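Engineer: work-v2.csv is reproduced below (CSV, C-alpha atoms).
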```csv
chain,number,residue,atom,x,y,z
F,256,MET,CA,102.6,77.6,165.7
F,257,LYS,CA,103.4,81.3,165.0
F,258,LYS,CA,105.7,80.3,162.1
F,259,ALA,CA,102.9,78.5,160.4
F,260,VAL,CA,100.5,81.5,160.8
F,261,TYR,CA,102.8,84.0,158.8
F,262,PRO,CA,102.6,82.1,155.5
F,263,ILE,CA,98.9,81.9,155.8
F,264,ILE,CA,98.6,85.6,156.5
F,265,ILE,CA,100.9,86.4,153.5
F,266,ILE,CA,98.8,84.2,151.2
F,267,CYS,CA,95.6,85.8,152.4
F,268,VAL,CA,97.0,89.3,151.8
F,269,LEU,CA,98.1,88.3,148.3
F,270,PHE,CA,94.8,86.9,147.3
F,271,SER,CA,92.9,89.9,148.9
F,272,ALA,CA,95.1,92.2,146.8
F,273,LEU,CA,94.4,90.2,143.7
F,274,GLY,CA,90.7,90.1,144.4
F,275,LEU,CA,90.5,93.8,145.0
F,276,ALA,CA,92.3,94.5,141.7
F,277,LEU,CA,90.0,92.1,139.8
F,278,THR,CA,86.8,93.3,141.4
F,279,GLN,CA,87.6,97.0,141.0
F,280,GLY,CA,88.9,96.3,137.5
F,281,TYR,CA,90.8,98.6,135.3
F,282,GLY,CA,87.8,99.4,133.2
F,283,SER,CA,86.7,102.1,135.6
F,284,ASN,CA,90.0,103.9,135.0
F,285,ILE,CA,89.8,103.9,131.2
F,286,GLU,CA,89.0,107.2,129.7
F,287,THR,CA,86.5,106.9,126.8
F,288,GLN,CA,85.4,108.7,123.7
F,289,HIS,CA,82.2,108.3,121.7
F,290,PHE,CA,81.8,107.3,118.0
F,291,GLU,CA,78.5,108.1,116.3
F,292,SER,CA,77.1,107.9,112.8
F,293,ASN,CA,73.6,107.7,111.4
F,294,GLU,CA,74.0,103.9,111.5
F,295,ILE,CA,76.0,102.9,114.5
F,296,SER,CA,77.3,104.4,117.8
F,297,PHE,CA,79.5,103.1,120.6
F,298,ASP,CA,82.0,104.2,123.3
F,299,TYR,CA,85.7,103.3,122.9
F,300,PRO,CA,88.9,103.8,124.9
F,301,ALA,CA,90.4,107.3,124.3
F,302,SER,CA,93.8,105.8,123.6
F,303,TRP,CA,92.6,103.9,120.6
F,304,GLN,CA,93.6,105.2,117.2
F,305,LYS,CA,91.2,105.2,114.2
F,306,VAL,CA,92.6,103.4,111.1
F,307,THR,CA,91.8,103.2,107.5
F,308,VAL,CA,88.8,101.0,106.6
F,309,HIS,CA,88.7,98.4,103.7
F,310,GLY,CA,86.0,96.5,101.9
F,311,SER,CA,82.8,96.3,103.9
F,312,GLN,CA,84.3,97.9,107.1
F,313,LEU,CA,82.4,100.8,108.5
F,314,VAL,CA,85.0,101.8,111.1
F,315,ALA,CA,88.2,100.4,112.5
F,316,PHE,CA,90.4,101.2,115.6
F,317,GLN,CA,93.6,99.9,117.0
F,318,ASP,CA,95.1,100.1,120.5
F,319,PRO,CA,98.7,101.3,119.9
F,320,GLN,CA,99.8,99.8,123.3
F,321,SER,CA,98.5,96.2,123.2
F,322,GLY,CA,98.0,95.9,119.4
F,323,LEU,CA,94.3,95.0,119.9
F,324,LYS,CA,92.3,95.7,116.7
F,325,MET,CA,88.6,96.3,116.3
F,326,THR,CA,86.6,96.4,113.1
F,327,ILE,CA,82.9,96.9,112.5
F,328,SER,CA,81.7,95.8,109.1
F,329,ARG,CA,78.3,95.6,107.4
F,330,LYS,CA,77.2,93.8,104.3
F,331,ILE,CA,73.7,93.7,102.9
F,332,VAL,CA,72.5,90.1,102.5
F,333,PRO,CA,72.0,88.9,98.9
F,334,ASN,CA,68.5,87.4,98.3
F,335,SER,CA,70.0,83.9,97.7
F,336,TYR,CA,72.4,83.9,100.7
F,337,LYS,CA,71.7,82.0,103.9
F,338,PRO,CA,74.3,82.6,106.7
F,339,PRO,CA,75.9,79.5,108.1
F,340,GLN,CA,74.7,78.1,111.4
F,341,ASN,CA,75.9,80.3,114.3
F,342,PHE,CA,77.8,82.3,111.7
F,343,VAL,CA,80.6,79.8,111.6
F,344,PRO,CA,81.6,79.0,108.0
F,345,ASP,CA,81.1,75.3,107.2
F,346,LEU,CA,84.5,75.2,105.6
F,347,ILE,CA,86.2,75.8,109.0
F,348,ASN,CA,84.9,72.4,110.1
F,349,ASN,CA,85.3,70.6,106.8
F,350,LEU,CA,88.8,71.7,106.0
F,351,ASN,CA,91.7,69.8,107.4
F,352,THR,CA,92.8,71.8,110.5
F,353,SER,CA,96.4,71.5,109.6
F,354,ALA,CA,95.7,73.4,106.4
F,355,GLY,CA,93.8,76.3,107.9
F,356,SER,CA,94.8,78.8,110.5
F,357,LEU,CA,91.4,79.4,112.2
F,358,LYS,CA,90.2,77.1,115.0
F,359,LEU,CA,86.8,77.7,116.7
F,360,ILE,CA,87.2,77.8,120.5
F,361,SER,CA,83.7,78.7,121.7
F,362,GLN,CA,80.4,80.0,120.5
F,363,GLN,CA,77.4,81.5,122.4
F,364,ILE,CA,74.5,83.9,122.1
F,365,THR,CA,75.1,87.4,123.6
F,366,ASP,CA,72.7,90.2,124.3
F,367,LEU,CA,73.7,93.6,122.9
F,368,ASP,CA,71.3,96.2,124.1
F,369,GLY,CA,68.4,93.9,123.6
F,370,THR,CA,69.7,92.6,120.3
F,371,LYS,CA,70.7,88.9,119.9
F,372,ALA,CA,74.3,88.5,118.7
F,373,HIS,CA,76.2,85.4,117.8
F,374,ASP,CA,79.5,85.5,119.8
F,375,ASN,CA,82.3,83.3,118.4
F,376,LEU,CA,85.8,83.0,119.6
F,377,TYR,CA,88.6,81.7,117.3
F,378,ARG,CA,92.3,80.9,117.8
F,379,ILE,CA,94.6,81.9,115.0
F,380,LYS,CA,98.0,80.7,114.2
F,381,MET,CA,99.8,83.3,112.1
F,382,ASN,CA,103.5,84.2,111.6
F,383,ASN,CA,104.7,82.1,114.5
F,384,SER,CA,102.4,83.8,116.9
F,385,THR,CA,99.0,82.9,118.4
F,386,LEU,CA,96.1,85.4,118.2
F,387,GLU,CA,92.5,85.3,119.5
F,388,GLN,CA,89.7,86.7,117.5
F,389,ARG,CA,86.3,87.4,118.9
F,390,GLU,CA,83.4,87.9,116.5
F,391,LEU,CA,80.0,89.3,117.2
F,392,TRP,CA,77.4,88.9,114.5
F,393,ILE,CA,74.1,90.8,114.4
F,394,GLU,CA,71.4,90.6,111.7
F,395,THR,CA,69.4,93.8,111.3
F,396,ASN,CA,68.5,96.4,108.6
F,397,GLY,CA,68.5,93.5,106.1
F,398,ALA,CA,72.3,93.2,106.6
F,399,LEU,CA,75.0,91.3,108.5
F,400,TYR,CA,76.9,93.4,111.0
F,401,SER,CA,80.2,92.0,112.5
F,402,VAL,CA,82.2,93.4,115.4
F,403,ILE,CA,85.6,91.8,115.4
F,404,PHE,CA,88.3,92.1,118.0
F,405,THR,CA,91.8,90.6,117.4
F,406,TYR,CA,94.5,90.5,120.0
F,407,SER,CA,97.6,88.5,121.0
F,408,GLN,CA,96.9,85.4,123.0
F,409,ASP,CA,100.6,85.0,123.8
F,410,SER,CA,100.6,88.4,125.6
F,411,HIS,CA,97.4,87.5,127.4
F,412,GLN,CA,98.9,84.3,128.8
F,413,THR,CA,102.1,86.0,129.9
F,414,ALA,CA,100.2,88.8,131.6
F,415,ALA,CA,97.7,86.4,133.2
F,416,ASN,CA,100.6,84.5,134.8
F,417,SER,CA,101.9,87.6,136.3
F,418,SER,CA,98.5,89.1,137.4
F,419,LEU,CA,99.1,88.1,141.1
F,420,LEU,CA,102.4,89.9,141.1
F,421,ASP,CA,100.7,92.9,139.4
F,422,ALA,CA,98.1,93.0,142.2
F,423,ILE,CA,100.8,93.6,144.8
F,424,GLY,CA,102.9,96.0,142.7
F,425,GLN,CA,105.6,93.6,141.5
F,426,GLY,CA,104.6,93.5,137.9
F,427,SER,CA,103.6,95.9,135.1
F,428,SER,CA,101.4,94.1,132.6
F,429,HIS,CA,97.7,94.5,133.0
F,430,GLU,CA,97.0,93.4,129.4
F,431,PRO,CA,94.4,90.6,130.0
F,432,VAL,CA,92.1,92.8,132.1
F,433,GLN,CA,92.9,95.8,130.0
F,434,ASN,CA,91.9,94.1,126.8
F,435,TYR,CA,88.8,92.6,128.1
F,436,ASP,CA,87.7,95.9,129.7
F,437,GLN,CA,88.3,97.7,126.4
F,438,ILE,CA,86.2,95.2,124.6
F,439,ASN,CA,83.4,95.5,127.1
F,440,ILE,CA,83.4,99.3,126.7
F,441,VAL,CA,82.4,98.8,123.1
F,442,THR,CA,80.0,95.9,123.4
F,443,GLN,CA,78.1,97.4,126.4
F,444,SER,CA,77.5,100.7,124.5
F,445,LEU,CA,77.1,99.5,120.9
F,446,LYS,CA,73.8,100.5,119.2
F,447,ILE,CA,72.8,99.9,115.6
F,448,ASN,CA,70.1,102.2,114.4
F,449,ALA,CA,67.2,101.3,112.1
F,450,THR,CA,68.4,102.4,108.7
F,451,ASN,CA,67.3,102.1,105.1
F,452,LEU,CA,70.3,100.7,103.3
F,453,ILE,CA,70.9,100.7,99.5
F,454,ALA,CA,71.6,97.2,98.3
F,455,THR,CA,74.8,96.5,96.4
F,456,PRO,CA,75.5,93.2,94.5
F,457,LYS,CA,79.2,93.2,95.3
F,458,PHE,CA,80.0,90.9,98.3
F,459,GLY,CA,83.8,90.5,98.1
F,460,THR,CA,86.7,90.0,95.6
F,461,LEU,CA,88.2,87.1,93.8
F,462,ALA,CA,92.0,87.4,93.1
F,463,ILE,CA,94.4,85.4,91.0
F,464,PRO,CA,97.9,86.5,92.0
F,465,SER,CA,99.8,84.7,89.2
F,466,LEU,CA,97.7,86.6,86.6
F,467,GLY,CA,97.9,89.9,88.6
F,468,VAL,CA,94.1,90.3,88.6
F,469,GLU,CA,91.4,90.9,91.2
F,470,TRP,CA,87.7,91.3,90.5
F,471,TYR,CA,84.6,92.0,92.5
F,472,MET,CA,82.3,89.1,93.2
F,473,ARG,CA,78.7,89.9,92.2
F,474,SER,CA,75.3,88.3,92.9
F,475,ASP,CA,73.4,89.9,90.1
F,476,THR,CA,74.9,89.5,86.6
F,477,VAL,CA,77.9,88.3,84.6
F,478,ASN,CA,77.5,91.3,82.3
F,479,ALA,CA,79.3,93.9,84.5
F,480,ILE,CA,82.6,95.7,84.3
F,481,ASN,CA,85.3,94.5,86.7
F,482,GLY,CA,83.3,91.7,88.1
F,483,VAL,CA,82.7,88.0,88.1
F,484,TYR,CA,79.2,86.5,88.8
F,485,HIS,CA,78.4,84.0,91.5
F,486,ASP,CA,76.2,81.3,89.9
F,487,SER,CA,73.0,81.4,91.9
F,488,LYS,CA,72.7,77.5,91.6
F,489,SER,CA,76.0,77.2,93.5
F,490,PHE,CA,77.0,77.6,97.1
F,491,TYR,CA,78.4,80.8,98.5
F,492,PRO,CA,82.1,80.8,99.7
F,493,GLY,CA,82.5,79.2,103.1
F,494,LEU,CA,79.3,77.1,102.9
F,495,ASN,CA,79.1,73.3,102.5
F,496,GLY,CA,79.2,72.9,98.8
F,497,THR,CA,80.8,73.8,95.5
F,498,SER,CA,81.0,77.6,94.6
F,499,GLY,CA,80.9,78.6,91.0
F,500,PHE,CA,81.9,81.9,89.4
F,501,LEU,CA,81.3,82.9,85.8
F,502,GLY,CA,83.4,85.5,84.0
F,503,HIS,CA,83.5,86.6,80.4
F,504,HIS,CA,86.5,85.7,78.2
F,505,THR,CA,86.4,88.7,75.9
F,506,LEU,CA,83.6,91.1,77.0
F,507,TYR,CA,83.0,93.3,80.1
F,508,SER,CA,86.7,93.6,81.2
F,509,ALA,CA,87.2,90.0,80.2
F,510,PRO,CA,88.0,88.8,83.8
F,511,PHE,CA,88.6,85.2,82.8
F,512,ALA,CA,90.5,86.0,79.6
F,513,ARG,CA,93.6,84.1,80.8
F,514,ILE,CA,92.4,81.5,83.2
F,515,ASN,CA,93.4,78.8,80.7
F,516,GLU,CA,97.0,79.8,81.6
F,517,LEU,CA,96.6,78.7,85.3
F,518,LYS,CA,98.7,75.8,86.3
F,519,ILE,CA,98.2,73.0,88.8
F,520,GLY,CA,98.9,74.6,92.2
F,521,SER,CA,98.1,78.2,91.1
F,522,VAL,CA,96.5,80.2,93.9
F,523,VAL,CA,93.0,81.7,93.8
F,524,ILE,CA,91.9,83.9,96.8
F,525,ILE,CA,88.4,84.8,97.8
F,526,ASN,CA,88.0,87.8,100.1
F,527,ASP,CA,84.5,87.3,101.4
F,528,TYR,CA,82.6,90.2,103.0
F,529,LEU,CA,79.7,88.0,104.1
F,530,THR,CA,81.7,85.8,106.4
F,531,GLN,CA,84.7,88.3,106.9
F,532,LYS,CA,87.1,85.5,105.9
F,533,LYS,CA,89.8,85.0,103.3
F,534,TYR,CA,89.6,81.6,101.5
F,535,THR,CA,92.7,80.4,99.7
F,536,TYR,CA,92.4,77.7,97.0
F,537,ASN,CA,94.8,75.8,94.8
F,538,VAL,CA,94.0,74.9,91.2
F,539,VAL,CA,93.7,71.1,90.9
F,540,SER,CA,92.6,70.8,87.2
F,541,ASN,CA,92.4,73.2,84.2
F,542,GLY,CA,91.0,72.6,80.8
F,543,GLU,CA,87.9,70.6,81.4
F,544,THR,CA,85.7,71.6,78.5
F,545,LYS,CA,81.9,70.9,78.7
F,546,TRP,CA,80.4,71.1,75.2
F,547,ASP,CA,76.9,70.1,76.4
F,548,TYR,CA,76.5,72.6,79.2
F,549,LYS,CA,73.3,74.0,77.7
F,550,VAL,CA,71.4,70.7,77.9
F,551,ASN,CA,73.5,69.2,80.8
F,552,PRO,CA,74.2,72.1,83.1
F,553,ILE,CA,77.3,72.3,85.3
F,554,GLN,CA,76.6,70.8,88.7
F,555,PHE,CA,77.5,72.3,92.1
F,556,PRO,CA,77.1,69.4,94.6
F,557,LYS,CA,76.7,69.8,98.3
F,558,GLY,CA,79.7,68.8,100.5
F,559,THR,CA,82.4,68.9,97.9
F,560,ASN,CA,83.9,72.3,99.0
F,561,GLU,CA,85.3,73.0,95.5
F,562,LEU,CA,85.6,76.3,93.7
F,563,LEU,CA,84.9,76.4,89.9
F,564,LEU,CA,85.9,79.2,87.6
F,565,ILE,CA,83.9,79.1,84.4
F,566,THR,CA,84.1,81.0,81.1
F,567,CYS,CA,83.1,80.5,77.5
F,568,TRP,CA,85.1,78.5,75.0
F,569,PRO,CA,86.5,79.1,72.4
F,570,PRO,CA,87.2,82.8,73.2
F,571,GLY,CA,84.4,84.9,71.8
F,572,TYR,CA,82.1,82.0,71.4
F,573,LYS,CA,79.6,80.1,73.6
F,574,GLN,CA,80.0,76.6,72.2
F,575,ALA,CA,81.5,75.2,75.4
F,576,ALA,CA,82.2,76.0,79.0
F,577,TRP,CA,85.8,76.1,80.1
F,578,ILE,CA,86.2,75.0,83.8
F,579,VAL,CA,89.0,75.4,86.3
F,580,ARG,CA,88.6,73.4,89.5
F,581,CYS,CA,90.1,74.5,92.8
F,582,LYS,CA,90.4,73.0,96.2
F,583,PRO,CA,90.5,75.0,99.5
F,584,VAL,CA,93.8,74.9,101.4
F,585,ALA,CA,93.5,77.7,104.1
F,586,ILE,CA,91.1,80.0,105.9
F,587,GLU,CA,92.2,83.2,107.5
F,588,PRO,CA,90.6,86.3,108.9
F,589,LEU,CA,89.8,89.0,106.3
F,590,THR,CA,92.2,91.8,106.9
```
Using the file provided, produce a representation of the structure as structure tokens.
Structural biologist:
Amino acid sequence: MKKAVYPIIIICVLFSALGLALTQGYGSNIETQHFESNEISFDYPASWQKVTVHGSQLVAFQDPQSGLKMTISRKIVPNSYKPPQNFVPDLINNLNTSAGSLKLISQQITDLDGTKAHDNLYRIKMNNSTLEQRELWIETNGALYSVIFTYSQDSHQTAANSSLLDAIGQGSSHEPVQNYDQINIVTQSLKINATNLIATPKFGTLAIPSLGVEWYMRSDTVNAINGVYHDSKSFYPGLNGTSGFLGHHTLYSAPFARINELKIGSVVIINDYLTQKKYTYNVVSNGETKWDYKVNPIQFPKGTNELLLITCWPPGYKQAAWIVRCKPVAIEPLT
């Protein structure tokens, strides 16, 4: 009888130690600092390092120990843009999952200091490793704010498996609890202040690696330096329909001067600040010439998930529209 009691006592001690570790948490032991600007403020772990921001990012940090990364971005919403439902791009569900690297795991509504936030969790396959990305989306100040955390799922699983041993001092990895506690420090303290923002028509970039060019995507006009214009009759990138971009062939930096050189399979990349996603396309046809585009406009149908690059033809004239058709092949986080 006594022999049977000892294993039970040992098991109880182990689970009590684990419960104590989990209920006390490691968050209470994390030293914090405070970030504040006129627009946003939040607490963050003192061990985090601030890193260079890109595109629409307001601030970015990285934990040098676990590799966890956090970015806070903001983009003023163009008048013609309607965010996708739950802030999950339609293309994620429409694209063959074998072609994309992002998989939606869960979505919910989270309260951030009285403000509703869409809380989406993705799994990412990248460079033979598995990551998780948690996105919080908030609409305020006429803009979209995103708070994005990216961390290694592989290390989370490894550490989770050893958490019982950690609780009794036989392990060293506290990464799952540590990462979640670090995220909670930010989300529980985040505040977005009421601010008058200056609108900008640029909402991302369009790059063609084989031509060595990258241009801003604009929502206002085709007549701008270093930019291509999103046709207002078409769908925005990531939404359920054909996106169309117009660019001059000879004027205003001539962004589409050489698109007739693109070959089948050439890559076109859209870095979209509105969804914080990178969309990769392959050219499927080049050379479609529409001579009657003035009386029979180019169509951008719903549900086709194409990308059209459009310029005037012949060069320097407006007799026809030259069209390059592209199909999506991958979706990745915007980095």
Engineer: Write out as a tab-separated table a residue-level contact list of region 471-541 of chain F versus region 582-588 of chain F with cut-off 8 Å: for each qualifying residue the closest pair of atoms and the distance in Å to one decimal, counting all atoms listed in the file, rows sorted by chain and residue number upward.
Structural biologist:
```
residue	atom	partner	partner_atom	distance
F:Gln531	CA	F:Pro588	CA	6.5
F:Lys532	CA	F:Pro588	CA	4.7
F:Lys533	CA	F:Glu587	CA	5.2
F:Tyr534	CA	F:Ile586	CA	4.9
F:Thr535	CA	F:Ala585	CA	5.2
F:Tyr536	CA	F:Pro583	CA	4.1
F:Asn537	CA	F:Lys582	CA	5.4
F:Val538	CA	F:Lys582	CA	6.4
F:Val539	CA	F:Lys582	CA	6.5
```
Engineer: Compare F:Asn560, F:Gln554, F:Asn448, F:Gln408 by their minimum atom-to-atom distance to Asn396 (chain F), counting all atoms listed in the file, and give me the closest one.
Structural biologist: F:Asn448
Engineer: Closest to Leu346 (chain F) among F:Pro492, F:Pro510, F:Pro319, F:Pro556, using only C-alpha atoms?
Structural biologist: F:Pro492
Engineer: For CA of Glu543 (chain F) and CA of Ser498 (chain F), quote the distance in Å rounded to one decimal.
Structural biologist: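 Between these atoms lies a distance of 16.5 Å.
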Engineer: Applying 6 Å and only C-alpha atoms, which residues near region 313-316 of chain F remain after dropping the ones on its own chain fewer than 6 positions away? List them as a PyMOL selection string.
Structural biologist: chain F and resi 304-306+324-328
Engineer: The selected residues should be written to file as a PDB file, in the coordinates of the input (atoms: C-alpha atoms).
Structural biologist:
```pdb
ATOM      1  CA  GLN F 304      93.600 105.200 117.200  1.00  0.00           C
ATOM      2  CA  LYS F 305      91.200 105.200 114.200  1.00  0.00           C
ATOM      3  CA  VAL F 306      92.600 103.400 111.100  1.00  0.00           C
ATOM      4  CA  LYS F 324      92.300  95.700 116.700  1.00  0.00           C
ATOM      5  CA  MET F 325      88.600  96.300 116.300  1.00  0.00           C
ATOM      6  CA  THR F 326      86.600  96.400 113.100  1.00  0.00           C
ATOM      7  CA  ILE F 327      82.900  96.900 112.500  1.00  0.00           C
ATOM      8  CA  SER F 328      81.700  95.800 109.100  1.00  0.00           C
TER       9      SER F 328
END
```
Engineer: Determine the nearest neighbour of Ile295 (chain F) from the options F:Val332, F:Val402, F:Leu506, F:Ile364, counting all atoms listed in the file.
Structural biologist: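 Of F:Val332, F:Val402, F:Leu506, F:Ile364, the one nearest Ile295 (chain F), counting all atoms listed in the file, is F:Val402.
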Engineer: Using only C-alpha atoms for the distances, tell me which of F:Trp392, F:Trp568, F:Tyr528, F:Phe511 is nearest to Tyr548 (chain F).
Structural biologist: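 The answer is F:Trp568, which sits nearest to Tyr548 (chain F).
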Engineer: Which distance in Å separates CA of Ala301 (chain F) and CA of Gln388 (chain F), to one decimal?
Structural biologist: 21.7 Å
Engineer: Between F:Gln340, F:Ser508, F:Thr442, F:Ser356, which has the minimum distance to Ser384 (chain F) (counting all atoms listed in the file)?
Structural biologist: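 That would be F:Ser356, the residue with the smallest distance to Ser384 (chain F).
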Engineer: Measuring between only C-alpha atoms, which one of F:Leu494, F:Ile578, F:Leu445, F:Ala479 shows the shortest distance to Asn349 (chain F)?
Structural biologist: F:Leu494
Engineer: Could you check how far CA of Tyr336 (chain F) sits from CA of Ser292 (chain F), in Å to one decimal?
Structural biologist: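 Rounded to one decimal, the two atoms are 27.3 Å apart.
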Engineer: Set the distance at 12 Å and use all atoms listed in the file: which residues neighbour region 464-468 of chain F once local chain neighbours fewer than 4 positions away are removed? I'd like the list as number ranges by chain.
Structural biologist: F: 460, 481-483, 508-525, 535-538
Engineer: Please return, as a ChimeraX atom specification, all polymer residues that have at least one atom within 10 Å of the point (75.4, 98.2, 125.6); use only C-alpha atoms and the file's own coordinate frame.
Structural biologist: /F:297-298,366-370,439-446
Engineer: Got a sec: who's within 9 Å of Lys380 (chain F), counting only C-alpha atoms, leaving out chain neighbours fewer than 4 positions off, as a PDB file with C-alpha atoms, in the coordinates of the input?
Structural biologist:
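Written file, part-v1.pdb:
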```pdb
ATOM      1  CA  GLY F 355      93.800  76.300 107.900  1.00  0.00           C
ATOM      2  CA  SER F 356      94.800  78.800 110.500  1.00  0.00           C
ATOM      3  CA  LEU F 357      91.400  79.400 112.200  1.00  0.00           C
ATOM      4  CA  LYS F 358      90.200  77.100 115.000  1.00  0.00           C
ATOM      5  CA  SER F 384     102.400  83.800 116.900  1.00  0.00           C
ATOM      6  CA  THR F 385      99.000  82.900 118.400  1.00  0.00           C
ATOM      7  CA  LEU F 386      96.100  85.400 118.200  1.00  0.00           C
ATOM      8  CA  GLU F 387      92.500  85.300 119.500  1.00  0.00           C
TER       9      GLU F 387
END
```
Engineer: Would you fill out region 379-396 of chain F with N, CA and C atoms and return it as an mmCIF file, in the coordinates of the input?
Structural biologist:
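So the final result, stored in out_15.cif, reads:
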```
data_model
loop_
_atom_site.group_PDB
_atom_site.id
_atom_site.type_symbol
_atom_site.label_atom_id
_atom_site.label_comp_id
_atom_site.auth_asym_id
_atom_site.auth_seq_id
_atom_site.Cartn_x
_atom_site.Cartn_y
_atom_site.Cartn_z
ATOM 1 N N ILE F 379 93.946 81.770 116.292
ATOM 2 C CA ILE F 379 94.600 81.900 115.000
ATOM 3 C C ILE F 379 96.073 81.706 115.115
ATOM 4 N N LYS F 380 96.599 80.846 114.264
ATOM 5 C CA LYS F 380 98.000 80.700 114.200
ATOM 6 C C LYS F 380 98.527 81.450 112.953
ATOM 7 N N MET F 381 99.398 82.428 113.206
ATOM 8 C CA MET F 381 99.800 83.300 112.100
ATOM 9 C C MET F 381 101.206 83.867 112.428
ATOM 10 N N ASN F 382 102.134 83.670 111.478
ATOM 11 C CA ASN F 382 103.500 84.200 111.600
ATOM 12 C C ASN F 382 104.150 83.898 112.920
ATOM 13 N N ASN F 383 104.097 82.614 113.279
ATOM 14 C CA ASN F 383 104.700 82.100 114.500
ATOM 15 C C ASN F 383 104.188 82.719 115.777
ATOM 16 N N SER F 384 102.983 83.240 115.729
ATOM 17 C CA SER F 384 102.400 83.800 116.900
ATOM 18 C C SER F 384 100.914 83.271 116.992
ATOM 19 N N THR F 385 100.345 83.380 118.174
ATOM 20 C CA THR F 385 99.000 82.900 118.400
ATOM 21 C C THR F 385 98.100 84.129 118.736
ATOM 22 N N LEU F 386 97.017 84.281 117.996
ATOM 23 C CA LEU F 386 96.100 85.400 118.200
ATOM 24 C C LEU F 386 94.726 84.778 118.626
ATOM 25 N N GLU F 387 93.919 85.599 119.263
ATOM 26 C CA GLU F 387 92.500 85.300 119.500
ATOM 27 C C GLU F 387 91.679 86.289 118.719
ATOM 28 N N GLN F 388 90.573 85.807 118.171
ATOM 29 C CA GLN F 388 89.700 86.700 117.500
ATOM 30 C C GLN F 388 88.252 86.451 117.968
ATOM 31 N N ARG F 389 87.643 87.500 118.483
ATOM 32 C CA ARG F 389 86.300 87.400 118.900
ATOM 33 C C ARG F 389 85.368 88.116 117.951
ATOM 34 N N GLU F 390 84.345 87.408 117.483
ATOM 35 C CA GLU F 390 83.400 87.900 116.500
ATOM 36 C C GLU F 390 82.022 88.011 117.054
ATOM 37 N N LEU F 391 81.389 89.153 116.903
ATOM 38 C CA LEU F 391 80.000 89.300 117.200
ATOM 39 C C LEU F 391 79.217 89.576 115.952
ATOM 40 N N TRP F 392 78.191 88.765 115.696
ATOM 41 C CA TRP F 392 77.400 88.900 114.500
ATOM 42 C C TRP F 392 75.973 89.252 114.803
ATOM 43 N N ILE F 393 75.473 90.291 114.130
ATOM 44 C CA ILE F 393 74.100 90.800 114.400
ATOM 45 C C ILE F 393 73.420 90.906 113.006
ATOM 46 N N GLU F 394 72.179 90.409 112.932
ATOM 47 C CA GLU F 394 71.400 90.600 111.700
ATOM 48 C C GLU F 394 70.309 91.649 111.981
ATOM 49 N N THR F 395 70.397 92.718 111.232
ATOM 50 C CA THR F 395 69.400 93.800 111.300
ATOM 51 C C THR F 395 69.522 94.679 110.092
ATOM 52 N N ASN F 396 68.506 95.461 109.805
ATOM 53 C CA ASN F 396 68.500 96.400 108.600
ATOM 54 C C ASN F 396 68.677 95.597 107.316
#
```
